[in-house]
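Only one structure is covered here, and it is reproduced in the block below.
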Amino acid sequence: FWADVNNGLYGDIYYRESKKEELLTMATADVKKYFPDIQFTAKMVFMATWDRVAYYGSTSRKANTFQAVLISDENVSFIFLNYGKIEWTTGSASGGNASTGLGGVPAQAGFNSGNPKHYFSIPGSRTDSILNIDSTSNVNLPGRWVFRADVFNVVGGCIYNARFLRIGDVFWPENNCARKCKCSENSSVICQNEGCSVYEKCQAFSWHYVCQTLGSKTCSASGDPHYYTFDGKLFHFQGTCTYILSTVCTNIRNLTTYRVEVKNENRGNTLVSWTRLVRVISYGI
């Protein structure tokens with residue numbers, strides 16, 4: 001948590017290296033939990049803890065607690081970053097408000113191995129949302145981020161230009177949305193030539209681009225039964241079979257195929273029907 005820490009006001013900083021068997025056993029178990037395919041036995045653990053530390057120029061009692069842990073077998077190394085309660089993001093030396101610890105240039109979180117390839121910024125770094133880092137994670141444990149440092153591997157997703165992506169995330173890297181990229185199950189980013197459809201436009205979103213739908217329409221069914229179409233027309237239909245309420249008309253690139261079916265039955269009066277069942281089919285389910 002790279003920010004203007006000032007434990008001279010209040011708070012403590014602890015650090016130690018340990019080779020105690022009990023601690024090494026716990027560290028080994030933690031690594032295997034997130035990297036089950038790696039043969040690993042911890043030989044060293046280094047821990048640094050910032051316990052309820054203040055920010056530079058603080059006139060409040062706001063405090064942050066966070067920890068960095070390095071686990072190694074002398075060949076393979078892992079970094080665990082743990083975030084407890086985070087109450088401030090910026091000291092006054094970085095333009096932050098002295099009474100709130102917010103504003104200015106907020107903290108950056110992640111790690112840097114000292115070379116241009118092995119580095120990573122946790123999402124939200126240098127933005128106001130870094131205040132919520134204690135609720136984020138790449139291992140489904142709020143406040144914990146885990147990395148393999150010797151070959152640079154981030155579990156739970158992919159890295160693209162030092163940006164973290166969840167598995168399944170889709171984006172377009174260029175402003176013409178010519179290439180569609182996706183974070184795959186094996187934590188690699190796969191890109192292919194695929195642009196936006198005729199019903200979408202390429203639009204900037206954060207650090208990448210997305211294909212944004214040009215517009216939307218709604219159809220609805222109600223009563224016994226009355227139908228409003230996508231173009232706003234009203235129909236009263238008393239049929240008693242199974243009907244397609246909505247579906248994709250043609251195979252259009254980038255549109256997910258789907259079908260909504262309704263089953264109508266008589267309602268004690270052969271002149272009036274009602275919808276007994278609605279069936280939605282999408283993604284083959």
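Chain labels follow the order of the structure tokens: the first chain is A, the next B, and so on; residue numbering restarts at 1 in every chain, and ligands are counted from 1 in their shown order.
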
Excluding Asp128 of chain A and its own-chain neighbours fewer than 6 positions away, which residues fall within 12 Å of it when counting only C-alpha atoms? Please give them as a short mmCIF file (atom, residue, chain, number, x, y, z; two decimals) with C-alpha atoms, in the first residue's frame.
```cif
data_model
loop_
_atom_site.label_atom_id
_atom_site.label_comp_id
_atom_site.auth_asym_id
_atom_site.auth_seq_id
_atom_site.Cartn_x
_atom_site.Cartn_y
_atom_site.Cartn_z
CA GLU A 87 -9.67 4.17 6.30
CA TRP A 88 -7.47 6.55 4.30
CA THR A 89 -5.86 6.68 0.85
CA THR A 90 -3.70 9.80 0.72
CA GLY A 96 -4.74 14.54 0.41
CA GLY A 101 -7.03 11.25 4.35
CA LEU A 102 -8.79 11.26 0.98
CA GLY A 103 -8.37 13.08 -2.34
CA GLY A 104 -5.12 14.04 -4.03
CA VAL A 105 -3.21 11.14 -5.60
CA PRO A 106 -4.51 7.99 -3.83
CA ALA A 107 -2.35 5.02 -2.87
CA GLN A 108 -1.12 2.38 -5.27
#
```

Residues of segment 85-284 of chain A in strand (DSSP E or B), written as a PyMOL selection string:
chain A and resi 108+110-112+119-121+144-148+153-154+157-160+163-166+170-172+179-183+189-193+200-205+208-213+220-222+226-228+234-236+242-247+258-266+273-282

State, in Å with one decimal place, the distance from atom CA of Tyr10 of chain A to atom CA of Ala109 of chain A.
21.7 Å

Would you please work out which residue, of A:Ile244, A:Ser273, A:Phe35, A:Arg267, is nearest to Ser222 of chain A when using only C-alpha atoms?
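So, comparing all the options, the nearest one is A:Ser273.
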
Among the residues of segment 8-239 of chain A, find those DSSP assigns to helix (DSSP H, G or I) from the backbone and print them as a list in words.
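Across segment 8-239 of chain A, those assigned helix (DSSP H, G or I) are Glu21, Glu22, Leu23, Leu24, Thr25, Met26, Ala27, Thr28, Ala29, Asp30, Val31, Lys32, Lys33, Tyr34, Ser92, Ala93, Ser94, Asp128, Ser129, Ile130, Leu131, Asn132, Ile133, Asp134 and Ser135 of chain A.
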
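With atom CA of Ser60 of chain A on one side and atom CA of Arg144 of chain A on the other, the separation reads 26.8 Å.
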
Just want the 12 Å neighbourhood of Thr275 of chain A, counted on only C-alpha atoms, with same-chain residues fewer than 3 positions away dropped. Output as a compact mmCIF listing (two decimals) with N, CA and C atoms, in the first residue's frame.
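Wrote part00.txt, looks like this:
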```
# COMPACT_ATOMS: atom_id res chain seq x y z
N ALA A 221 -45.75 -9.08 -21.95
CA ALA A 221 -47.01 -9.83 -22.01
C ALA A 221 -47.68 -9.71 -20.65
N SER A 222 -49.00 -9.51 -20.64
CA SER A 222 -49.72 -9.37 -19.38
C SER A 222 -51.18 -9.76 -19.56
N GLY A 223 -51.87 -9.91 -18.43
CA GLY A 223 -53.30 -10.21 -18.47
C GLY A 223 -53.60 -11.56 -19.06
N ASP A 224 -54.66 -11.63 -19.90
CA ASP A 224 -55.12 -12.95 -20.34
C ASP A 224 -55.33 -13.04 -21.86
N PRO A 225 -54.28 -13.09 -22.64
CA PRO A 225 -53.03 -12.35 -22.47
C PRO A 225 -52.98 -11.22 -23.49
N HIS A 226 -52.27 -10.17 -23.15
CA HIS A 226 -52.10 -9.00 -24.01
C HIS A 226 -50.60 -8.85 -24.28
N TYR A 227 -50.26 -8.55 -25.52
CA TYR A 227 -48.85 -8.49 -25.91
C TYR A 227 -48.50 -7.12 -26.48
N PHE A 237 -54.41 -11.85 -27.87
CA PHE A 237 -54.37 -13.16 -28.54
C PHE A 237 -54.82 -14.24 -27.57
N GLN A 238 -55.78 -15.04 -27.97
CA GLN A 238 -56.38 -16.03 -27.08
C GLN A 238 -56.07 -17.47 -27.48
N GLY A 239 -54.99 -17.68 -28.23
CA GLY A 239 -54.61 -19.03 -28.62
C GLY A 239 -54.24 -19.89 -27.43
N THR A 240 -54.35 -21.21 -27.59
CA THR A 240 -54.10 -22.13 -26.47
C THR A 240 -53.03 -23.17 -26.82
N CYS A 241 -51.98 -22.73 -27.44
CA CYS A 241 -50.86 -23.62 -27.76
C CYS A 241 -49.58 -23.06 -27.14
N THR A 242 -48.45 -23.60 -27.56
CA THR A 242 -47.15 -23.07 -27.15
C THR A 242 -46.63 -22.17 -28.26
N TYR A 243 -46.20 -20.96 -27.90
CA TYR A 243 -45.80 -19.97 -28.89
C TYR A 243 -44.42 -19.39 -28.55
N LEU A 245 -42.49 -16.27 -27.92
CA LEU A 245 -42.75 -14.89 -27.55
C LEU A 245 -41.66 -13.97 -28.09
N GLU A 261 -40.41 -18.91 -24.84
CA GLU A 261 -41.65 -19.58 -25.24
C GLU A 261 -42.71 -19.40 -24.15
N VAL A 262 -43.98 -19.31 -24.58
CA VAL A 262 -45.09 -19.24 -23.63
C VAL A 262 -46.11 -20.33 -24.00
N LYS A 263 -46.66 -20.94 -22.96
CA LYS A 263 -47.69 -21.96 -23.16
C LYS A 263 -49.00 -21.43 -22.59
N ASN A 264 -50.00 -21.28 -23.47
CA ASN A 264 -51.29 -20.76 -23.05
C ASN A 264 -52.32 -21.88 -22.92
N GLU A 265 -53.25 -21.73 -21.98
CA GLU A 265 -54.33 -22.69 -21.78
C GLU A 265 -55.63 -21.93 -21.54
N ASN A 266 -56.74 -22.68 -21.72
CA ASN A 266 -58.05 -22.10 -21.41
C ASN A 266 -58.17 -21.84 -19.92
N ARG A 267 -59.00 -20.87 -19.59
CA ARG A 267 -59.15 -20.47 -18.21
C ARG A 267 -60.61 -20.66 -17.76
N VAL A 272 -61.32 -17.37 -23.58
CA VAL A 272 -60.24 -16.66 -22.90
C VAL A 272 -59.12 -17.63 -22.53
N VAL A 278 -43.83 -20.20 -18.84
CA VAL A 278 -42.86 -19.42 -19.62
C VAL A 278 -41.54 -20.18 -19.60
N ARG A 279 -40.97 -20.38 -20.76
CA ARG A 279 -39.71 -21.12 -20.88
C ARG A 279 -38.68 -20.24 -21.58
```

Skip Thr59 of chain A itself and residues of its chain fewer than 3 positions away, then list as a list in words all residues within 12 Å of it, counting only C-alpha atoms.
Asn6, Leu9, Tyr10, Ala54, Tyr55, Tyr56, Lys62, Ala63, Gly91, Ser92, Gly96, Asn97, Ala98, Ser99, Thr100 and Gly101 of chain A

Near Met47 of chain A, within 12 Å and counting only C-alpha atoms, which residues show up once chain neighbours fewer than 4 positions away are dropped, as an mmCIF file with all heavy atoms, in the first residue's frame?
```cif
data_model
loop_
_atom_site.group_PDB
_atom_site.id
_atom_site.type_symbol
_atom_site.label_atom_id
_atom_site.label_comp_id
_atom_site.auth_asym_id
_atom_site.auth_seq_id
_atom_site.Cartn_x
_atom_site.Cartn_y
_atom_site.Cartn_z
ATOM 1 N N ILE A 13 4.880 -0.555 12.977
ATOM 2 C CA ILE A 13 5.328 -1.359 11.841
ATOM 3 C C ILE A 13 6.198 -2.487 12.384
ATOM 4 O O ILE A 13 7.169 -2.232 13.105
ATOM 5 C CB ILE A 13 6.118 -0.522 10.826
ATOM 6 C CG1 ILE A 13 5.247 0.616 10.282
ATOM 7 C CG2 ILE A 13 6.601 -1.396 9.671
ATOM 8 C CD1 ILE A 13 5.990 1.566 9.353
ATOM 9 N N TYR A 14 5.827 -3.724 12.040
ATOM 10 C CA TYR A 14 6.580 -4.891 12.486
ATOM 11 C C TYR A 14 7.099 -5.648 11.268
ATOM 12 O O TYR A 14 6.419 -5.728 10.241
ATOM 13 C CB TYR A 14 5.690 -5.844 13.291
ATOM 14 C CG TYR A 14 4.943 -5.204 14.437
ATOM 15 C CD1 TYR A 14 3.608 -4.810 14.287
ATOM 16 C CD2 TYR A 14 5.544 -5.022 15.676
ATOM 17 C CE1 TYR A 14 2.905 -4.247 15.342
ATOM 18 C CE2 TYR A 14 4.850 -4.461 16.734
ATOM 19 C CZ TYR A 14 3.530 -4.079 16.558
ATOM 20 O OH TYR A 14 2.833 -3.516 17.599
ATOM 21 N N TYR A 15 8.285 -6.224 11.373
ATOM 22 C CA TYR A 15 8.768 -7.094 10.301
ATOM 23 C C TYR A 15 9.720 -8.132 10.886
ATOM 24 O O TYR A 15 10.412 -7.884 11.875
ATOM 25 C CB TYR A 15 9.473 -6.294 9.196
ATOM 26 C CG TYR A 15 10.652 -5.480 9.643
ATOM 27 C CD1 TYR A 15 11.941 -6.008 9.609
ATOM 28 C CD2 TYR A 15 10.482 -4.173 10.090
ATOM 29 C CE1 TYR A 15 13.032 -5.256 10.020
ATOM 30 C CE2 TYR A 15 11.575 -3.411 10.493
ATOM 31 C CZ TYR A 15 12.839 -3.961 10.460
ATOM 32 O OH TYR A 15 13.918 -3.212 10.853
ATOM 33 N N ARG A 16 9.708 -9.298 10.272
ATOM 34 C CA ARG A 16 10.610 -10.362 10.725
ATOM 35 C C ARG A 16 10.711 -11.439 9.660
ATOM 36 O O ARG A 16 9.807 -11.622 8.833
ATOM 37 C CB ARG A 16 10.113 -10.997 12.026
ATOM 38 C CG ARG A 16 8.797 -11.756 11.927
ATOM 39 C CD ARG A 16 8.342 -12.256 13.277
ATOM 40 N NE ARG A 16 7.022 -12.840 13.264
ATOM 41 C CZ ARG A 16 6.756 -14.104 13.566
ATOM 42 N NH1 ARG A 16 7.747 -14.925 13.900
ATOM 43 N NH2 ARG A 16 5.511 -14.548 13.551
ATOM 44 N N GLU A 17 11.820 -12.144 9.682
ATOM 45 C CA GLU A 17 12.019 -13.330 8.855
ATOM 46 C C GLU A 17 12.010 -14.536 9.778
ATOM 47 O O GLU A 17 12.582 -14.500 10.870
ATOM 48 C CB GLU A 17 13.344 -13.251 8.103
ATOM 49 C CG GLU A 17 13.605 -14.458 7.205
ATOM 50 C CD GLU A 17 14.909 -14.343 6.447
ATOM 51 O OE1 GLU A 17 15.446 -13.220 6.335
ATOM 52 O OE2 GLU A 17 15.398 -15.387 5.965
ATOM 53 N N SER A 18 11.350 -15.600 9.349
ATOM 54 C CA SER A 18 11.217 -16.766 10.218
ATOM 55 C C SER A 18 11.432 -18.058 9.440
ATOM 56 O O SER A 18 11.061 -18.165 8.267
ATOM 57 C CB SER A 18 9.832 -16.787 10.871
ATOM 58 O OG SER A 18 9.675 -17.939 11.668
ATOM 59 N N LYS A 19 12.035 -19.019 10.134
ATOM 60 C CA LYS A 19 12.177 -20.375 9.608
ATOM 61 C C LYS A 19 11.627 -21.385 10.607
ATOM 62 O O LYS A 19 11.988 -22.565 10.580
ATOM 63 C CB LYS A 19 13.641 -20.664 9.286
ATOM 64 C CG LYS A 19 14.199 -19.796 8.163
ATOM 65 C CD LYS A 19 15.627 -20.168 7.797
ATOM 66 C CE LYS A 19 16.139 -19.307 6.654
ATOM 67 N NZ LYS A 19 17.534 -19.677 6.269
ATOM 68 N N LEU A 23 5.383 -22.228 11.454
ATOM 69 C CA LEU A 23 5.027 -21.174 10.509
ATOM 70 C C LEU A 23 5.267 -21.619 9.068
ATOM 71 O O LEU A 23 4.478 -21.319 8.165
ATOM 72 C CB LEU A 23 5.826 -19.913 10.816
ATOM 73 C CG LEU A 23 5.452 -18.651 10.018
ATOM 74 C CD1 LEU A 23 3.995 -18.293 10.225
ATOM 75 C CD2 LEU A 23 6.345 -17.484 10.416
ATOM 76 N N ALA A 27 2.596 -21.781 6.001
ATOM 77 C CA ALA A 27 2.868 -21.085 4.750
ATOM 78 C C ALA A 27 2.789 -22.040 3.563
ATOM 79 O O ALA A 27 2.245 -21.698 2.504
ATOM 80 C CB ALA A 27 4.245 -20.428 4.811
ATOM 81 N N PHE A 66 -2.358 -3.274 7.096
ATOM 82 C CA PHE A 66 -2.099 -4.127 5.937
ATOM 83 C C PHE A 66 -0.791 -4.873 6.148
ATOM 84 O O PHE A 66 -0.004 -4.547 7.051
ATOM 85 C CB PHE A 66 -2.072 -3.320 4.635
ATOM 86 C CG PHE A 66 -1.170 -2.121 4.651
ATOM 87 C CD1 PHE A 66 0.122 -2.188 4.144
ATOM 88 C CD2 PHE A 66 -1.610 -0.912 5.161
ATOM 89 C CE1 PHE A 66 0.956 -1.090 4.149
ATOM 90 C CE2 PHE A 66 -0.786 0.209 5.162
ATOM 91 C CZ PHE A 66 0.498 0.120 4.655
ATOM 92 N N GLN A 67 -0.570 -5.896 5.324
ATOM 93 C CA GLN A 67 0.579 -6.778 5.539
ATOM 94 C C GLN A 67 1.086 -7.320 4.212
ATOM 95 O O GLN A 67 0.314 -7.606 3.283
ATOM 96 C CB GLN A 67 0.158 -7.948 6.439
ATOM 97 C CG GLN A 67 1.265 -8.944 6.745
ATOM 98 C CD GLN A 67 0.734 -10.131 7.527
ATOM 99 O OE1 GLN A 67 -0.101 -10.885 7.059
ATOM 100 N NE2 GLN A 67 1.213 -10.274 8.768
ATOM 101 N N ALA A 68 2.398 -7.479 4.110
ATOM 102 C CA ALA A 68 3.033 -8.127 2.965
ATOM 103 C C ALA A 68 3.800 -9.350 3.471
ATOM 104 O O ALA A 68 4.531 -9.260 4.461
ATOM 105 C CB ALA A 68 3.985 -7.168 2.261
ATOM 106 N N VAL A 69 3.613 -10.488 2.785
ATOM 107 C CA VAL A 69 4.260 -11.741 3.188
ATOM 108 C C VAL A 69 4.976 -12.329 1.981
ATOM 109 O O VAL A 69 4.382 -12.489 0.909
ATOM 110 C CB VAL A 69 3.234 -12.762 3.725
ATOM 111 C CG1 VAL A 69 3.941 -14.057 4.152
ATOM 112 C CG2 VAL A 69 2.436 -12.167 4.878
ATOM 113 N N LEU A 70 6.256 -12.641 2.134
ATOM 114 C CA LEU A 70 7.039 -13.301 1.095
ATOM 115 C C LEU A 70 7.348 -14.716 1.565
ATOM 116 O O LEU A 70 7.897 -14.911 2.655
ATOM 117 C CB LEU A 70 8.340 -12.545 0.829
ATOM 118 C CG LEU A 70 9.308 -13.183 -0.177
ATOM 119 C CD1 LEU A 70 8.685 -13.248 -1.566
ATOM 120 C CD2 LEU A 70 10.625 -12.415 -0.219
ATOM 121 N N ILE A 71 6.972 -15.704 0.746
ATOM 122 C CA ILE A 71 7.189 -17.120 1.081
ATOM 123 C C ILE A 71 8.058 -17.734 -0.008
ATOM 124 O O ILE A 71 7.756 -17.597 -1.196
ATOM 125 C CB ILE A 71 5.846 -17.872 1.178
ATOM 126 C CG1 ILE A 71 4.923 -17.192 2.195
ATOM 127 C CG2 ILE A 71 6.075 -19.329 1.545
ATOM 128 C CD1 ILE A 71 3.513 -17.771 2.219
ATOM 129 N N SER A 72 9.123 -18.421 0.385
ATOM 130 C CA SER A 72 10.049 -18.946 -0.616
ATOM 131 C C SER A 72 10.639 -20.293 -0.187
ATOM 132 O O SER A 72 10.765 -20.577 1.003
ATOM 133 C CB SER A 72 11.189 -17.950 -0.846
ATOM 134 O OG SER A 72 12.132 -18.440 -1.779
ATOM 135 N N ILE A 79 4.079 -14.061 -3.159
ATOM 136 C CA ILE A 79 3.772 -12.855 -2.402
ATOM 137 C C ILE A 79 2.299 -12.896 -1.992
ATOM 138 O O ILE A 79 1.422 -13.111 -2.839
ATOM 139 C CB ILE A 79 4.035 -11.584 -3.228
ATOM 140 C CG1 ILE A 79 5.526 -11.464 -3.566
ATOM 141 C CG2 ILE A 79 3.557 -10.341 -2.482
ATOM 142 C CD1 ILE A 79 5.839 -10.343 -4.529
ATOM 143 N N PHE A 80 2.047 -12.700 -0.707
ATOM 144 C CA PHE A 80 0.693 -12.574 -0.182
ATOM 145 C C PHE A 80 0.538 -11.138 0.321
ATOM 146 O O PHE A 80 1.324 -10.686 1.162
ATOM 147 C CB PHE A 80 0.457 -13.540 0.976
ATOM 148 C CG PHE A 80 0.252 -14.967 0.580
ATOM 149 C CD1 PHE A 80 1.194 -15.650 -0.182
ATOM 150 C CD2 PHE A 80 -0.898 -15.649 0.969
ATOM 151 C CE1 PHE A 80 1.015 -16.965 -0.545
ATOM 152 C CE2 PHE A 80 -1.093 -16.979 0.613
ATOM 153 C CZ PHE A 80 -0.138 -17.635 -0.149
ATOM 154 N N LEU A 81 -0.444 -10.433 -0.177
ATOM 155 C CA LEU A 81 -0.756 -9.090 0.308
ATOM 156 C C LEU A 81 -2.106 -9.141 1.016
ATOM 157 O O LEU A 81 -3.117 -9.500 0.407
ATOM 158 C CB LEU A 81 -0.801 -8.086 -0.854
ATOM 159 C CG LEU A 81 0.499 -7.938 -1.660
ATOM 160 C CD1 LEU A 81 0.310 -6.918 -2.772
ATOM 161 C CD2 LEU A 81 1.662 -7.544 -0.763
ATOM 162 N N ASN A 82 -2.101 -8.818 2.307
ATOM 163 C CA ASN A 82 -3.312 -8.888 3.127
ATOM 164 C C ASN A 82 -3.717 -7.491 3.578
ATOM 165 O O ASN A 82 -2.885 -6.731 4.093
ATOM 166 C CB ASN A 82 -3.069 -9.774 4.359
ATOM 167 C CG ASN A 82 -2.674 -11.188 3.971
ATOM 168 O OD1 ASN A 82 -3.317 -11.814 3.143
ATOM 169 N ND2 ASN A 82 -1.595 -11.693 4.558
#
```

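Proximity of A:Val31, A:Thr256, A:Asp37, A:Val189 to Tyr283 of chain A, computed with only C-alpha atoms, is greatest for A:Thr256.
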
Identify, on the basis of only C-alpha atoms, every residue whose closest approach to Ser206 of chain A does not exceed 12 Å; exclude the query and any residue fewer than 3 positions from it along the same chain; express the result as a compact mmCIF listing (two decimals) with N, CA and C atoms, in the first residue's frame.
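Wrote part.txt, looks like this:
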```txt
# COMPACT_ATOMS: atom_id res chain seq x y z
N PRO A 123 -6.32 -3.64 -9.12
CA PRO A 123 -7.38 -2.76 -9.65
C PRO A 123 -7.84 -1.75 -8.61
N GLY A 124 -7.98 -0.50 -9.04
CA GLY A 124 -8.38 0.58 -8.13
C GLY A 124 -7.21 1.42 -7.68
N THR A 127 -6.76 5.46 -7.55
CA THR A 127 -8.11 6.00 -7.69
C THR A 127 -8.77 5.96 -6.31
N ARG A 163 -2.64 -5.10 -16.09
CA ARG A 163 -4.02 -5.00 -15.63
C ARG A 163 -4.56 -6.39 -15.31
N PHE A 171 -12.66 -7.93 -23.64
CA PHE A 171 -12.37 -6.53 -23.93
C PHE A 171 -11.78 -6.41 -25.33
N TRP A 172 -11.77 -5.18 -25.83
CA TRP A 172 -11.13 -4.86 -27.10
C TRP A 172 -9.99 -3.88 -26.81
N PRO A 173 -8.75 -4.19 -27.17
CA PRO A 173 -7.61 -3.33 -26.80
C PRO A 173 -7.46 -2.07 -27.64
N GLN A 203 -16.65 1.78 -28.00
CA GLN A 203 -16.66 2.86 -27.02
C GLN A 203 -15.60 2.63 -25.96
N TYR A 209 -11.59 -0.93 -24.51
CA TYR A 209 -12.78 -0.56 -25.28
C TYR A 209 -13.79 -1.71 -25.24
N VAL A 210 -15.06 -1.37 -25.43
CA VAL A 210 -16.13 -2.35 -25.44
C VAL A 210 -17.04 -2.07 -26.62
```

A:Asp231, A:Asp4, A:Glu21, A:Asp12: which is nearest Gly57 of chain A, counting only C-alpha atoms?
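Of all the options, A:Asp4 lies closest to Gly57 of chain A.
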
What is the distance, in Å and to one decimal place, between atom CA of Ala149 of chain A and atom CA of Gln39 of chain A?
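About the pair atom CA of Ala149 of chain A and atom CA of Gln39 of chain A: they are 15.6 Å apart.
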